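K.L.:
Sharing a structure with you now.
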Amino acid sequence: MFRMKIYNVRGEILVAVCDSELVGKIFRDENLKLEVKESFYGSEEFEEKDVVEALKKATIANITGERSVKLAIKLGIIDKERVLWVSNCPHAQMVLI
């Protein structure tokens, strides 16, 4: 399952999605901190098909977790070579220009 929250900001559609089990966790490296907050990623659980539909409409996306990032790569919105790893947790962002 996934957690997802959709924001409409100044004509943009921002989709925040993560693997459900990561909510509430903090990942740290030497210079980076990734905090997976419920307030940002949402409290509602979604299935893969719902996440796919939302990501296809997104103009901005914030994606955290192995399943979530793998799904975004499969959809072609994230380049696997551009994934940021913070303490073994993958994170990616997408912006349509």
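Letters A, B, ... mark the chains of the structure tokens in the order given; residue numbers begin at 1 per chain; ligand numbers begin at 1, in order shown.
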As a ChimeraX atom specification, please: every residue in chain A that DSSP puts in helix (DSSP H, G or I).
P.N.:
/A:20-22,38-41,48-57,66-75,80-82
K.L.:
Any idea what's packed within 10 Å of A:Glu44, counting only C-alpha atoms, ignoring anything in its chain fewer than 6 positions away? Could you give it as a PyMOL selection string?
P.N.:
chain A and resi 1-5+20+38
K.L.:
Selected residues, C-alpha atoms, written as a short mmCIF file (atom, residue, chain, number, x, y, z; two decimals), in the first residue's frame, please.
P.N.:
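Saved result, out.cif, follows:
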data_model
loop_
_atom_site.label_atom_id
_atom_site.label_comp_id
_atom_site.auth_asym_id
_atom_site.auth_seq_id
_atom_site.Cartn_x
_atom_site.Cartn_y
_atom_site.Cartn_z
CA MET A 1 0.00 0.00 0.00
CA PHE A 2 0.92 3.61 -0.50
CA ARG A 3 0.24 6.90 1.24
CA MET A 4 -0.60 9.76 -1.04
CA LYS A 5 -1.73 13.34 -0.85
CA SER A 20 2.98 3.31 3.70
CA GLU A 38 2.05 12.04 7.62
#
K.L.:
Looking at only C-alpha atoms, which of A:Val15, A:Leu75, A:Ile6, A:Ala61 is the one that sits closest to A:Met94?
P.N.:
A:Ala61
K.L.:
Within 6 Å of stretch 27-32 of chain A, counting only C-alpha atoms, which residues qualify if same-chain residues fewer than 2 places away don't, as a JSON list (two decimals) with C-alpha atoms, in the first residue's frame?
P.N.:
[["chain", "number", "residue", "atom", "x", "y", "z"],
["A", 34, "LEU", "CA", 14.57, 12.88, 4.89],
["A", 86, "VAL", "CA", 19.24, 8.82, 1.95],
["A", 87, "SER", "CA", 20.31, 6.10, 4.38]]
K.L.:
With only C-alpha atoms as the basis for distance, which of A:Thr64, A:Gln93, A:Asn88, A:Ser43 is at the shortest distance from A:Leu22?
P.N.:
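Distance minimum relative to A:Leu22 lands on A:Thr64.
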K.L.:
Go ahead and compute the interatomic distance for atom CA of A:Glu53 and atom CA of A:Lys33, in Å to one decimal.
P.N.:
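The value is 29.0 Å.
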